[in-house]
Amino acid sequence: MEEGRFLYGTDINERQVVRDFTKFIRKFNIQGAPAGERSFYLQQLDRLWEEQTVKKNGIKFPIQGVHVMAFSSTLYQHLVHFPTEVIPIFDRELWNLSVRELRAEPEDLGTCQIKVHALAEQDHKVMRMMNPADIEQLILIKGIVIRCSDLVPDMMSALFRCSVPECKHEVVVPLSHWTIDEPTRCESCGSNHSFQIVHNDCTFGDRQILKLQEAPESVPEGETPQSVAVCCFDDLVDQVRPGDRVEVTGIYRASAVRPIQNWKMCNSVYRTYIDAIAIAAEQKGRIDVAVDDYDVSTSQGGPPKLSQMQDLDPEKQSEQDIAWNKKVRELAAEKNEEGKSNIVDKLVKSFAPSIYGEDNVKKGLLCQLFNGTPKPNLSNSKGRCRPEINTLLCGDPSTAKSQLLQYSYKLAPRGIYTSGKGSSAVGLTASINKDPVTKELVLESGALVLSDRGLCCIDEFDKMDESARAILHEAMEQQTVSVAKAGIVCSLNARVSILASANPKESAYDPKQSVVENIHLPKNLMTRFDFIWLMIDRRDKDMDQRLGEFLISMYSESGTKGRAPPPIDAELFRRYISFARRWVFPQLTDEAAQRLVKGYTDLRNQGASQEAITATPRILESLIRISESLAKMELREEVSVTDVEEAIELLKAATYAAVTNDDGLIDFEQLVAGKGANQRKREKDLLSLLSDILAKDGTTVLTNDQLMASINETLGERKEMLMSENEFNAALRSAEGDGLLVRRGKTIEVKR
């Protein structure tokens with residue numbers, strides 16, 4: 001072995017690492033690259049330096065670990081097992097290479113930082129399986145960000161000044177092994193412990209601490225999710241937000257914990273964290289969009305157009321994303337035999353293919369996944385016109401409500417799935433916890449905040465606590481969650497689509513009662529749903545036969561072989577939804593706007609009576625959102641009259657089907673007031689009749705049966721429907737409230 005060429009404490013020859021890394025940068029090329037072409041990473045080096053206008057600031061140079069593995073397994077093993085020693089060598093040699101390639105003066109170029117990501121499969125770790133053997137190694141870990149700390153200044157070098165008035169000697173001390181040691185003796189005047197730190201002349205970097213939690217689908221049954229702290233520095237600060245699914249590549253470190261500050265004694269259990277090197281959105285399963293790219297409401301030039309081909313720009317998109325975007329464009333451009341676009345039919349058939357029928361419900365849930373177009377805030381007010389669509393599935397048990405929820409959750413680019421009984425108000429909004437490092441009170445984001453710009457699925461919605469349900473009033477309309485706890489007063493973004501499923505309170509849906517009476521939810525909460533789908537288990541001999549054959553075909557041998565796969569596979573389906581949300585922003589045409597106004601006024605005039613409310617401005621906003629989402633499904637940038645008409649039909653099939661009275665007329669007051677106009681008129685007539693009978697009858701004490709018989713006798717003479725026991729009890733309660741009578745068990749004392 002050559003003396004003095006090995007890094008202390010390792011078996012790494014520094015010169016060999018330098019030679020292998022330089023050869024990798026100069027010679028590595030991806031598969032399929034033309035022969036004789038300049039290497040992949042040299043091209044990337046040239047491009048990054050060209051994009052960097054201020055060369056002094058340096059560059060961040062991404063390198064894929066799988067590329068290093070394919071080129072040299074030895075170099076990859078050195079990188080993974082000794083990242084603290086090897087990565088600084090990579091940084092230094094890349095800077096030397098940049099000086100030679102650019103023929104620049106060394107003082108003109110800033111530092112180069114290697115960002116290693118996409119490690120080999122064996123270095124992908126699971127949070128609950130990490131152990132002391134992984135400490136000080138390079139790992140890749142996946143999870144959901146549940147908390148982001150504030151930006152913390154991280155001291156990189158400190159300036160100390162001697163406090164002796166005649167001396168004022170200054171010493172700069174750089175950061176070394178995560179500590180800065182104060183000089184003990186002044187070399188100028190010889191004083192001991194005379195130095196004071198000068199904060200204004202110290203140099204600081206940015207630091208942020210994330211809390212990463214296991215994804216819900218990867219947690220074993222019966223276990224609680226594990227979490228790990230992630231330290232981010234410089235350019236990684238503020239790159240993610242709570243709710244993001246990310247892949248973090250970094251060094252797994254352990255630091256000692258001192259029970260008493262300034263003591264040398266340490267706890268036997270060390271605190272572990274990940275020193276992040278690169279953070280990327282999780283590629284498999286869910287595809288998310290960047291916040292800045294998605295928020296078109298604040299962009300100056302308006303939303304991007306599909307004709308501008310920004311989604312196919314190699315400078316802004318990766319090769320993998322460009323390949324998927326081309327597939328999405330080709331899929332949307334397909335036509336049927338008649339020359340019409342058939343993408344909507346394909347999407348409906350590919351959504352929950354194991355559930356028979358319910359095409360209208362599936363189309364409504366697809367509208368929710370695509371959502372409407374974000375609107376700019378034209379006024380200076382804090383309000384926001386939401387593009388998100390809220391949906392409620394209610395009806396009989398065993399009508400696949402929870403299954404549809406699961407399919408929507410799996411397809412949504414971002415979202416949280418929760419159950420109504422297991423959700424508290426704090427779990428939905430935010431909780432107050434003490435930070436283990438700073439000991440300050442911090443907010444832990446709840447389900448609605450984590451689902452920001454995504455989908456929040458709430459199963460068993462009818463079993464939620466009243467306090468938890470009250471939270472949803474603000475989130476479903478204002479799209480915010482206001483918190484005032486422990487001295488923390490803030491308003492958190494909850495720009496989320498709510499998808500809820502609820503069972504009737506008597507287990508089976510009673511068509512004689514209103515939808516509000518069936519589900520027993522707050523009346524004003526019901527009006528915030530754009531879609532209310534009634535899923536009733538109706539008896540139909542032919543339908544039952546077809547449903548039975550369909551279900552059996554999923555399990556029988558012949559049925560499994562003969563069943564065709566869905567037109568669009570799950571991965572392409574997710575990409576299609578993400579593409580539409582990211583790049584397509586339909587706008588209303590003048591013809592569509594006129595049709596919307598006409599459709600809204602027609603709905604206003606379809607009531608059970610002149611006084612009955614049949615449509616509200618919220619319904620008009622719902623129609624706008626649904627029309628825009630239908631245009632998004634076909635990747636069109638204009639909302640047509642056909643979209644508006646289909647939106648009206650969908651709304652009639654959903655919400656208006658739930659508020660149609662016995663006469664077949666629309667009575668929207670069922671949602672607004674909890675009772676229909678006919679029901680309120682009937683109650684008023686019965687109370688008036690009860691008052692007349694009490695006034696005419698000379699007796700002071702009556703039994704319930706006597707009074708009910710008298711009322712029904714009068715109703716029979718008028719040829720009206722007889723009074724039920726529930727109606728009788730309601731009338732007695734109202735009369736007692738008006739001071740007409742006093743109930744004493746089964747007898748009634750009339751007040752004269």
# chains A, B, ... in the order shown; residues from 1 in each chain; ligands from 1
call {"tool": "residues_around", "arguments": {"residues": "range 73-80 of chain A", "least_positions_apart": "5", "cutoff": "7 Å", "atoms": "only C-alpha atoms", "output": "MDAnalysis selection string"}}
result
chainID A and resid 17 20 68 86 137:138
call {"tool": "residues_around", "arguments": {"residues": "range 207-223 of chain A", "least_positions_apart": "4", "cutoff": "6 Å", "atoms": "only C-alpha atoms", "output": "PyMOL selection string"}}
result
chain A and resi 143-149+151-152+154+227-233+237
call {"tool": "write_last_selection", "arguments": {"atoms": "N, CA and C atoms", "output": "tab-separated table (two decimals), in the first residue's frame"}}
result
chain	number	residue	atom	x	y	z
A	143	GLY	N	-41.23	9.14	2.12
A	143	GLY	CA	-42.23	9.42	3.14
A	143	GLY	C	-43.02	10.68	2.82
A	144	ILE	N	-43.87	11.06	3.77
A	144	ILE	CA	-44.69	12.27	3.64
A	144	ILE	C	-44.16	13.31	4.62
A	145	VAL	N	-43.99	14.53	4.13
A	145	VAL	CA	-43.56	15.64	5.00
A	145	VAL	C	-44.77	16.07	5.83
A	146	ILE	N	-44.64	15.99	7.15
A	146	ILE	CA	-45.77	16.39	8.01
A	146	ILE	C	-45.48	17.69	8.78
A	147	ARG	N	-44.21	18.13	8.78
A	147	ARG	CA	-43.91	19.40	9.45
A	147	ARG	C	-42.67	20.03	8.85
A	148	CYS	N	-42.71	21.32	8.65
A	148	CYS	CA	-41.55	22.09	8.20
A	148	CYS	C	-41.28	23.18	9.24
A	149	SER	N	-40.07	23.21	9.75
A	149	SER	CA	-39.75	24.23	10.74
A	149	SER	C	-39.51	25.58	10.06
A	151	LEU	N	-37.24	28.87	9.03
A	151	LEU	CA	-35.86	28.99	8.58
A	151	LEU	C	-34.98	29.38	9.77
A	152	VAL	N	-33.91	28.62	9.98
A	152	VAL	CA	-33.02	28.86	11.11
A	152	VAL	C	-31.64	29.27	10.56
A	154	ASP	N	-27.86	29.23	10.29
A	154	ASP	CA	-26.86	28.24	10.69
A	154	ASP	C	-25.48	28.88	10.55
A	227	SER	N	-41.35	8.14	12.19
A	227	SER	CA	-40.94	9.42	11.60
A	227	SER	C	-39.46	9.64	11.85
A	228	VAL	N	-38.86	10.52	11.05
A	228	VAL	CA	-37.44	10.83	11.18
A	228	VAL	C	-37.25	12.31	10.86
A	229	ALA	N	-36.29	12.93	11.51
A	229	ALA	CA	-35.98	14.34	11.24
A	229	ALA	C	-35.03	14.44	10.06
A	230	VAL	N	-35.23	15.44	9.23
A	230	VAL	CA	-34.39	15.67	8.05
A	230	VAL	C	-33.88	17.11	8.13
A	231	CYS	N	-32.56	17.29	8.12
A	231	CYS	CA	-31.95	18.63	8.14
A	231	CYS	C	-31.65	19.07	6.72
A	232	CYS	N	-32.21	20.21	6.32
A	232	CYS	CA	-31.99	20.76	4.97
A	232	CYS	C	-31.15	22.03	5.09
A	233	PHE	N	-30.28	22.23	4.11
A	233	PHE	CA	-29.40	23.40	4.12
A	233	PHE	C	-29.46	24.11	2.76
A	237	VAL	N	-33.75	24.42	1.43
A	237	VAL	CA	-34.69	25.07	2.35
A	237	VAL	C	-35.91	25.56	1.58
call {"tool": "residues_around", "arguments": {"residues": "range 571-580 of chain A", "least_positions_apart": "2", "cutoff": "10 Å", "atoms": "only C-alpha atoms", "output": "ChimeraX atom specification"}}
result
/A:284-289,311,321,324-325,327-329,331-332,347,350-351,366,369-371,410-414,567-569,582-585,629,631-636
call {"tool": "write_last_selection", "arguments": {"atoms": "C-alpha atoms", "output": "PDB file, in the first residue's frame"}}
result
ATOM      1  CA  LYS A 284     -43.706   6.056  -8.355  1.00  0.00           C
ATOM      2  CA  GLY A 285     -47.381   5.988  -7.474  1.00  0.00           C
ATOM      3  CA  ARG A 286     -48.251   9.658  -7.121  1.00  0.00           C
ATOM      4  CA  ILE A 287     -47.234  12.565  -9.286  1.00  0.00           C
ATOM      5  CA  ASP A 288     -47.404  15.999  -7.737  1.00  0.00           C
ATOM      6  CA  VAL A 289     -46.934  19.439  -9.246  1.00  0.00           C
ATOM      7  CA  ASP A 311     -44.508  20.465 -21.108  1.00  0.00           C
ATOM      8  CA  ASP A 321     -41.619  13.491 -17.838  1.00  0.00           C
ATOM      9  CA  TRP A 324     -45.102  10.610 -20.282  1.00  0.00           C
ATOM     10  CA  ASN A 325     -46.413  13.975 -21.513  1.00  0.00           C
ATOM     11  CA  LYS A 327     -48.207   9.649 -24.185  1.00  0.00           C
ATOM     12  CA  VAL A 328     -50.849  11.827 -22.510  1.00  0.00           C
ATOM     13  CA  ARG A 329     -51.145  14.087 -25.565  1.00  0.00           C
ATOM     14  CA  LEU A 331     -54.157   9.541 -25.632  1.00  0.00           C
ATOM     15  CA  ALA A 332     -56.217  12.743 -25.627  1.00  0.00           C
ATOM     16  CA  LEU A 347     -61.568   7.481 -18.379  1.00  0.00           C
ATOM     17  CA  SER A 350     -60.893   2.825 -16.430  1.00  0.00           C
ATOM     18  CA  PHE A 351     -62.138   4.370 -13.173  1.00  0.00           C
ATOM     19  CA  LEU A 366     -63.569  12.257 -12.241  1.00  0.00           C
ATOM     20  CA  LEU A 369     -60.123  14.714  -9.575  1.00  0.00           C
ATOM     21  CA  PHE A 370     -59.600  17.158 -12.461  1.00  0.00           C
ATOM     22  CA  ASN A 371     -61.196  20.183 -10.694  1.00  0.00           C
ATOM     23  CA  LYS A 410     -55.337   6.101  -5.240  1.00  0.00           C
ATOM     24  CA  LEU A 411     -55.678   8.191  -8.399  1.00  0.00           C
ATOM     25  CA  ALA A 412     -55.408  11.624  -6.758  1.00  0.00           C
ATOM     26  CA  PRO A 413     -51.965  13.227  -7.257  1.00  0.00           C
ATOM     27  CA  ARG A 414     -52.008  14.246  -3.605  1.00  0.00           C
ATOM     28  CA  PRO A 567     -58.500   1.016 -21.583  1.00  0.00           C
ATOM     29  CA  ILE A 568     -56.033   3.109 -19.523  1.00  0.00           C
ATOM     30  CA  ASP A 569     -53.628   1.579 -17.005  1.00  0.00           C
ATOM     31  CA  ARG A 582     -50.712  21.216 -14.351  1.00  0.00           C
ATOM     32  CA  TRP A 583     -51.013  22.348 -17.968  1.00  0.00           C
ATOM     33  CA  VAL A 584     -54.723  22.771 -18.882  1.00  0.00           C
ATOM     34  CA  PHE A 585     -56.697  25.828 -17.737  1.00  0.00           C
ATOM     35  CA  SER A 629     -63.422  20.003 -15.326  1.00  0.00           C
ATOM     36  CA  ALA A 631     -63.237  20.444 -20.666  1.00  0.00           C
ATOM     37  CA  LYS A 632     -60.045  19.484 -18.784  1.00  0.00           C
ATOM     38  CA  MET A 633     -60.763  15.786 -19.316  1.00  0.00           C
ATOM     39  CA  GLU A 634     -60.378  16.292 -23.073  1.00  0.00           C
ATOM     40  CA  LEU A 635     -57.412  18.680 -22.619  1.00  0.00           C
ATOM     41  CA  ARG A 636     -59.385  21.527 -24.156  1.00  0.00           C
TER      42      ARG A 636
END
call {"tool": "atom_distance", "arguments": {"atom1": "CA of Thr418 in chain A", "atom2": "CA of Ile458 in chain A"}}
result
5.1 Å
call {"tool": "residues_around", "arguments": {"residues": "range 128-134 of chain A", "least_positions_apart": "5", "cutoff": "9 Å", "atoms": "only C-alpha atoms", "output": "PDB file with C-alpha atoms, in the first residue's frame"}}
result
ATOM      1  CA  HIS A  81     -20.199   3.770   2.744  1.00  0.00           C
ATOM      2  CA  ILE A 139     -29.304   6.287   2.085  1.00  0.00           C
ATOM      3  CA  GLU A 214     -43.939   6.837   6.602  1.00  0.00           C
ATOM      4  CA  PRO A 225     -46.208   5.347  11.560  1.00  0.00           C
ATOM      5  CA  GLN A 226     -42.512   6.020  12.221  1.00  0.00           C
ATOM      6  CA  SER A 227     -40.941   9.421  11.604  1.00  0.00           C
ATOM      7  CA  ILE A 251     -26.391  10.859   5.190  1.00  0.00           C
ATOM      8  CA  TYR A 252     -27.878   9.104   8.217  1.00  0.00           C
ATOM      9  CA  ARG A 253     -26.242  10.726  11.233  1.00  0.00           C
ATOM     10  CA  ALA A 254     -26.349  10.374  15.008  1.00  0.00           C
TER      11      ALA A 254
END
call {"tool": "select_by_dssp", "arguments": {"residues": "range 404-648 of chain A", "states": "helix (DSSP H, G or I)", "output": "ChimeraX atom specification"}}
result
/A:404-411,425-428,447-450,461-463,466-477,515-519,523-526,541-555,557-562,570-583,590-604,617-633,641-648
call {"tool": "select_by_dssp", "arguments": {"residues": "range 260-488 of chain A", "states": "strand (DSSP E or B)", "output": "PyMOL selection string"}}
result
chain A and resi 271-281+335+341+391-395+415-419+430-434+441-445+455-459+480-485+488
call {"tool": "write_last_selection", "arguments": {"atoms": "C-alpha atoms", "output": "PDB file, in the first residue's frame"}}
result
ATOM      1  CA  ARG A 271     -30.543  11.420  18.425  1.00  0.00           C
ATOM      2  CA  THR A 272     -30.610  10.367  14.766  1.00  0.00           C
ATOM      3  CA  TYR A 273     -31.452  12.473  11.738  1.00  0.00           C
ATOM      4  CA  ILE A 274     -30.798  12.613   8.000  1.00  0.00           C
ATOM      5  CA  ASP A 275     -28.454  15.252   6.604  1.00  0.00           C
ATOM      6  CA  ALA A 276     -30.218  15.861   3.272  1.00  0.00           C
ATOM      7  CA  ILE A 277     -28.214  16.067   0.055  1.00  0.00           C
ATOM      8  CA  ALA A 278     -31.076  15.940  -2.457  1.00  0.00           C
ATOM      9  CA  ILE A 279     -34.885  16.011  -2.215  1.00  0.00           C
ATOM     10  CA  ALA A 280     -37.081  14.896  -5.097  1.00  0.00           C
ATOM     11  CA  ALA A 281     -40.811  14.276  -5.531  1.00  0.00           C
ATOM     12  CA  LYS A 335     -60.802   9.599 -31.956  1.00  0.00           C
ATOM     13  CA  SER A 341     -62.988  12.322 -28.955  1.00  0.00           C
ATOM     14  CA  THR A 391     -68.673  15.497  -3.316  1.00  0.00           C
ATOM     15  CA  LEU A 392     -70.875  13.512  -0.925  1.00  0.00           C
ATOM     16  CA  LEU A 393     -71.834   9.878  -1.518  1.00  0.00           C
ATOM     17  CA  CYS A 394     -74.797   8.788   0.589  1.00  0.00           C
ATOM     18  CA  GLY A 395     -77.213   5.919   0.506  1.00  0.00           C
ATOM     19  CA  GLY A 415     -54.325  13.444  -0.743  1.00  0.00           C
ATOM     20  CA  ILE A 416     -55.165  11.884   2.611  1.00  0.00           C
ATOM     21  CA  TYR A 417     -57.659   9.114   3.440  1.00  0.00           C
ATOM     22  CA  THR A 418     -59.315   9.156   6.854  1.00  0.00           C
ATOM     23  CA  SER A 419     -62.386   7.809   8.616  1.00  0.00           C
ATOM     24  CA  ALA A 430     -53.521  21.211  13.309  1.00  0.00           C
ATOM     25  CA  SER A 431     -52.189  20.229  16.718  1.00  0.00           C
ATOM     26  CA  ILE A 432     -49.785  22.062  19.010  1.00  0.00           C
ATOM     27  CA  ASN A 433     -46.626  20.152  19.956  1.00  0.00           C
ATOM     28  CA  LYS A 434     -43.316  21.047  21.515  1.00  0.00           C
ATOM     29  CA  LEU A 441     -44.534  25.260  20.492  1.00  0.00           C
ATOM     30  CA  VAL A 442     -45.048  24.373  16.833  1.00  0.00           C
ATOM     31  CA  LEU A 443     -48.017  23.442  14.682  1.00  0.00           C
ATOM     32  CA  GLU A 444     -48.344  19.835  13.413  1.00  0.00           C
ATOM     33  CA  SER A 445     -50.424  19.818  10.243  1.00  0.00           C
ATOM     34  CA  LEU A 455     -58.125  15.345  -2.194  1.00  0.00           C
ATOM     35  CA  CYS A 456     -59.236  14.594   1.370  1.00  0.00           C
ATOM     36  CA  CYS A 457     -61.333  11.416   1.518  1.00  0.00           C
ATOM     37  CA  ILE A 458     -63.490  11.064   4.649  1.00  0.00           C
ATOM     38  CA  ASP A 459     -65.255   7.724   5.054  1.00  0.00           C
ATOM     39  CA  THR A 480     -58.552  27.880   4.924  1.00  0.00           C
ATOM     40  CA  VAL A 481     -58.288  26.513   8.453  1.00  0.00           C
ATOM     41  CA  SER A 482     -58.030  29.127  11.201  1.00  0.00           C
ATOM     42  CA  VAL A 483     -56.216  28.143  14.381  1.00  0.00           C
ATOM     43  CA  ALA A 484     -55.991  30.035  17.665  1.00  0.00           C
ATOM     44  CA  LYS A 485     -54.251  27.820  20.219  1.00  0.00           C
ATOM     45  CA  ILE A 488     -50.453  30.728  18.009  1.00  0.00           C
TER      46      ILE A 488
END
call {"tool": "closest_atom_pairs", "arguments": {"of": "range 346-424 of chain A", "to": "range 546-550 of chain A", "cutoff": "12 Å", "atoms": "only C-alpha atoms", "output": "JSON lines"}}
result
{"residue": "A:Pro353", "atom": "CA", "partner": "A:Phe550", "partner_atom": "CA", "distance": 10.7}
{"residue": "A:Ser354", "atom": "CA", "partner": "A:Phe550", "partner_atom": "CA", "distance": 8.7}
{"residue": "A:Ile355", "atom": "CA", "partner": "A:Phe550", "partner_atom": "CA", "distance": 8.9}
{"residue": "A:Tyr356", "atom": "CA", "partner": "A:Leu547", "partner_atom": "CA", "distance": 6.6}
{"residue": "A:Gly357", "atom": "CA", "partner": "A:Leu547", "partner_atom": "CA", "distance": 8.5}
{"residue": "A:Glu358", "atom": "CA", "partner": "A:Leu547", "partner_atom": "CA", "distance": 11.5}
{"residue": "A:Thr399", "atom": "CA", "partner": "A:Leu547", "partner_atom": "CA", "distance": 11.7}
call {"tool": "atom_distance", "arguments": {"atom1": "CA of Pro387 in chain A", "atom2": "CA of Pro374 in chain A"}}
result
5.3 Å
call {"tool": "residues_around", "arguments": {"residues": "Ala494 in chain A", "least_positions_apart": "5", "cutoff": "12 Å", "atoms": "only C-alpha atoms", "output": "PDB file with N, CA and C atoms, in the first residue's frame"}}
result
ATOM      1  N   PRO A 242     -45.686  20.757   3.908  1.00  0.00           N
ATOM      2  CA  PRO A 242     -46.373  19.621   4.535  1.00  0.00           C
ATOM      3  C   PRO A 242     -47.371  18.966   3.585  1.00  0.00           C
ATOM      4  N   GLY A 243     -47.341  17.644   3.553  1.00  0.00           N
ATOM      5  CA  GLY A 243     -48.225  16.887   2.662  1.00  0.00           C
ATOM      6  C   GLY A 243     -47.528  16.346   1.442  1.00  0.00           C
ATOM      7  N   ARG A 384     -61.318  33.842  -1.912  1.00  0.00           N
ATOM      8  CA  ARG A 384     -60.798  33.102  -3.063  1.00  0.00           C
ATOM      9  C   ARG A 384     -61.947  32.313  -3.667  1.00  0.00           C
ATOM     10  N   ARG A 386     -63.054  29.258  -5.221  1.00  0.00           N
ATOM     11  CA  ARG A 386     -62.403  27.943  -5.242  1.00  0.00           C
ATOM     12  C   ARG A 386     -62.661  27.195  -6.548  1.00  0.00           C
ATOM     13  N   GLU A 388     -61.982  23.896  -6.504  1.00  0.00           N
ATOM     14  CA  GLU A 388     -62.123  22.523  -6.024  1.00  0.00           C
ATOM     15  C   GLU A 388     -63.598  22.122  -5.938  1.00  0.00           C
ATOM     16  N   GLY A 415     -53.126  13.551  -1.569  1.00  0.00           N
ATOM     17  CA  GLY A 415     -54.325  13.444  -0.743  1.00  0.00           C
ATOM     18  C   GLY A 415     -54.128  12.592   0.492  1.00  0.00           C
ATOM     19  N   LEU A 428     -57.880  16.861  11.998  1.00  0.00           N
ATOM     20  CA  LEU A 428     -58.208  17.422  10.687  1.00  0.00           C
ATOM     21  C   LEU A 428     -57.492  18.742  10.434  1.00  0.00           C
ATOM     22  N   THR A 429     -57.288  19.544  11.461  1.00  0.00           N
ATOM     23  CA  THR A 429     -56.713  20.887  11.260  1.00  0.00           C
ATOM     24  C   THR A 429     -55.233  20.907  11.626  1.00  0.00           C
ATOM     25  N   ALA A 430     -54.922  21.132  12.879  1.00  0.00           N
ATOM     26  CA  ALA A 430     -53.521  21.211  13.309  1.00  0.00           C
ATOM     27  C   ALA A 430     -53.464  21.016  14.818  1.00  0.00           C
ATOM     28  N   SER A 445     -49.328  19.735  11.206  1.00  0.00           N
ATOM     29  CA  SER A 445     -50.424  19.818  10.243  1.00  0.00           C
ATOM     30  C   SER A 445     -51.331  18.598  10.329  1.00  0.00           C
ATOM     31  N   GLY A 446     -52.656  18.846  10.175  1.00  0.00           N
ATOM     32  CA  GLY A 446     -53.640  17.780  10.161  1.00  0.00           C
ATOM     33  C   GLY A 446     -53.996  17.365   8.748  1.00  0.00           C
ATOM     34  N   ALA A 447     -55.029  16.521   8.614  1.00  0.00           N
ATOM     35  CA  ALA A 447     -55.367  15.918   7.329  1.00  0.00           C
ATOM     36  C   ALA A 447     -55.743  16.961   6.278  1.00  0.00           C
ATOM     37  N   LEU A 448     -56.526  17.980   6.650  1.00  0.00           N
ATOM     38  CA  LEU A 448     -56.950  18.981   5.656  1.00  0.00           C
ATOM     39  C   LEU A 448     -55.775  19.805   5.156  1.00  0.00           C
ATOM     40  N   VAL A 449     -54.853  20.142   6.052  1.00  0.00           N
ATOM     41  CA  VAL A 449     -53.691  20.952   5.650  1.00  0.00           C
ATOM     42  C   VAL A 449     -52.718  20.111   4.829  1.00  0.00           C
ATOM     43  N   LEU A 450     -52.544  18.843   5.214  1.00  0.00           N
ATOM     44  CA  LEU A 450     -51.654  17.960   4.448  1.00  0.00           C
ATOM     45  C   LEU A 450     -52.206  17.689   3.054  1.00  0.00           C
ATOM     46  N   SER A 451     -53.527  17.790   2.890  1.00  0.00           N
ATOM     47  CA  SER A 451     -54.152  17.542   1.582  1.00  0.00           C
ATOM     48  C   SER A 451     -54.233  18.799   0.734  1.00  0.00           C
ATOM     49  N   ASP A 452     -53.586  19.877   1.131  1.00  0.00           N
ATOM     50  CA  ASP A 452     -53.658  21.140   0.398  1.00  0.00           C
ATOM     51  C   ASP A 452     -53.347  20.916  -1.082  1.00  0.00           C
ATOM     52  N   ARG A 453     -54.237  21.436  -1.958  1.00  0.00           N
ATOM     53  CA  ARG A 453     -54.179  21.247  -3.410  1.00  0.00           C
ATOM     54  C   ARG A 453     -54.366  19.783  -3.800  1.00  0.00           C
ATOM     55  N   GLY A 454     -55.051  19.037  -2.967  1.00  0.00           N
ATOM     56  CA  GLY A 454     -55.287  17.628  -3.262  1.00  0.00           C
ATOM     57  C   GLY A 454     -56.689  17.220  -2.869  1.00  0.00           C
ATOM     58  N   LEU A 455     -56.829  15.941  -2.496  1.00  0.00           N
ATOM     59  CA  LEU A 455     -58.125  15.345  -2.194  1.00  0.00           C
ATOM     60  C   LEU A 455     -58.099  14.803  -0.771  1.00  0.00           C
ATOM     61  N   CYS A 456     -59.102  15.134   0.015  1.00  0.00           N
ATOM     62  CA  CYS A 456     -59.236  14.594   1.370  1.00  0.00           C
ATOM     63  C   CYS A 456     -60.464  13.690   1.381  1.00  0.00           C
ATOM     64  N   ILE A 471     -65.395  22.115  11.777  1.00  0.00           N
ATOM     65  CA  ILE A 471     -64.168  22.593  11.122  1.00  0.00           C
ATOM     66  C   ILE A 471     -64.366  22.695   9.612  1.00  0.00           C
ATOM     67  N   LEU A 472     -65.189  21.790   9.063  1.00  0.00           N
ATOM     68  CA  LEU A 472     -65.311  21.692   7.609  1.00  0.00           C
ATOM     69  C   LEU A 472     -66.042  22.873   6.995  1.00  0.00           C
ATOM     70  N   HIS A 473     -66.835  23.612   7.784  1.00  0.00           N
ATOM     71  CA  HIS A 473     -67.578  24.742   7.220  1.00  0.00           C
ATOM     72  C   HIS A 473     -66.629  25.742   6.568  1.00  0.00           C
ATOM     73  N   GLU A 474     -65.572  26.093   7.272  1.00  0.00           N
ATOM     74  CA  GLU A 474     -64.609  27.062   6.737  1.00  0.00           C
ATOM     75  C   GLU A 474     -63.776  26.448   5.617  1.00  0.00           C
ATOM     76  N   ALA A 475     -63.320  25.203   5.813  1.00  0.00           N
ATOM     77  CA  ALA A 475     -62.421  24.586   4.834  1.00  0.00           C
ATOM     78  C   ALA A 475     -63.105  24.361   3.488  1.00  0.00           C
ATOM     79  N   MET A 476     -64.398  24.046   3.494  1.00  0.00           N
ATOM     80  CA  MET A 476     -65.079  23.708   2.245  1.00  0.00           C
ATOM     81  C   MET A 476     -65.460  24.920   1.414  1.00  0.00           C
ATOM     82  N   GLU A 477     -65.479  26.094   1.987  1.00  0.00           N
ATOM     83  CA  GLU A 477     -65.843  27.279   1.213  1.00  0.00           C
ATOM     84  C   GLU A 477     -64.712  28.296   1.150  1.00  0.00           C
ATOM     85  N   GLN A 478     -64.144  28.670   2.303  1.00  0.00           N
ATOM     86  CA  GLN A 478     -63.061  29.660   2.318  1.00  0.00           C
ATOM     87  C   GLN A 478     -61.703  29.037   1.997  1.00  0.00           C
ATOM     88  N   GLN A 479     -61.629  27.704   2.046  1.00  0.00           N
ATOM     89  CA  GLN A 479     -60.388  26.983   1.710  1.00  0.00           C
ATOM     90  C   GLN A 479     -59.241  27.299   2.667  1.00  0.00           C
ATOM     91  N   THR A 480     -59.570  27.635   3.902  1.00  0.00           N
ATOM     92  CA  THR A 480     -58.552  27.880   4.924  1.00  0.00           C
ATOM     93  C   THR A 480     -58.980  27.190   6.217  1.00  0.00           C
ATOM     94  N   VAL A 481     -58.025  27.029   7.112  1.00  0.00           N
ATOM     95  CA  VAL A 481     -58.288  26.513   8.453  1.00  0.00           C
ATOM     96  C   VAL A 481     -57.680  27.508   9.433  1.00  0.00           C
ATOM     97  N   SER A 482     -58.507  28.137  10.243  1.00  0.00           N
ATOM     98  CA  SER A 482     -58.030  29.127  11.201  1.00  0.00           C
ATOM     99  C   SER A 482     -57.775  28.458  12.545  1.00  0.00           C
TER     100      SER A 482
END
call {"tool": "residues_around", "arguments": {"residues": "range 189-200 of chain A", "least_positions_apart": "3", "cutoff": "9 Å", "atoms": "only C-alpha atoms", "output": "JSON, numbers by chain"}}
result
{"A": [158, 159, 160, 161, 162, 163, 164, 166, 167, 169, 170, 171, 182, 183, 184, 185, 186, 203]}
call {"tool": "closest_residue", "arguments": {"among": "A:Ile626, A:Val126, A:Met535, A:Ala653", "to": "Ala400 in chain A", "atoms": "only C-alpha atoms"}}
result
A:Met535
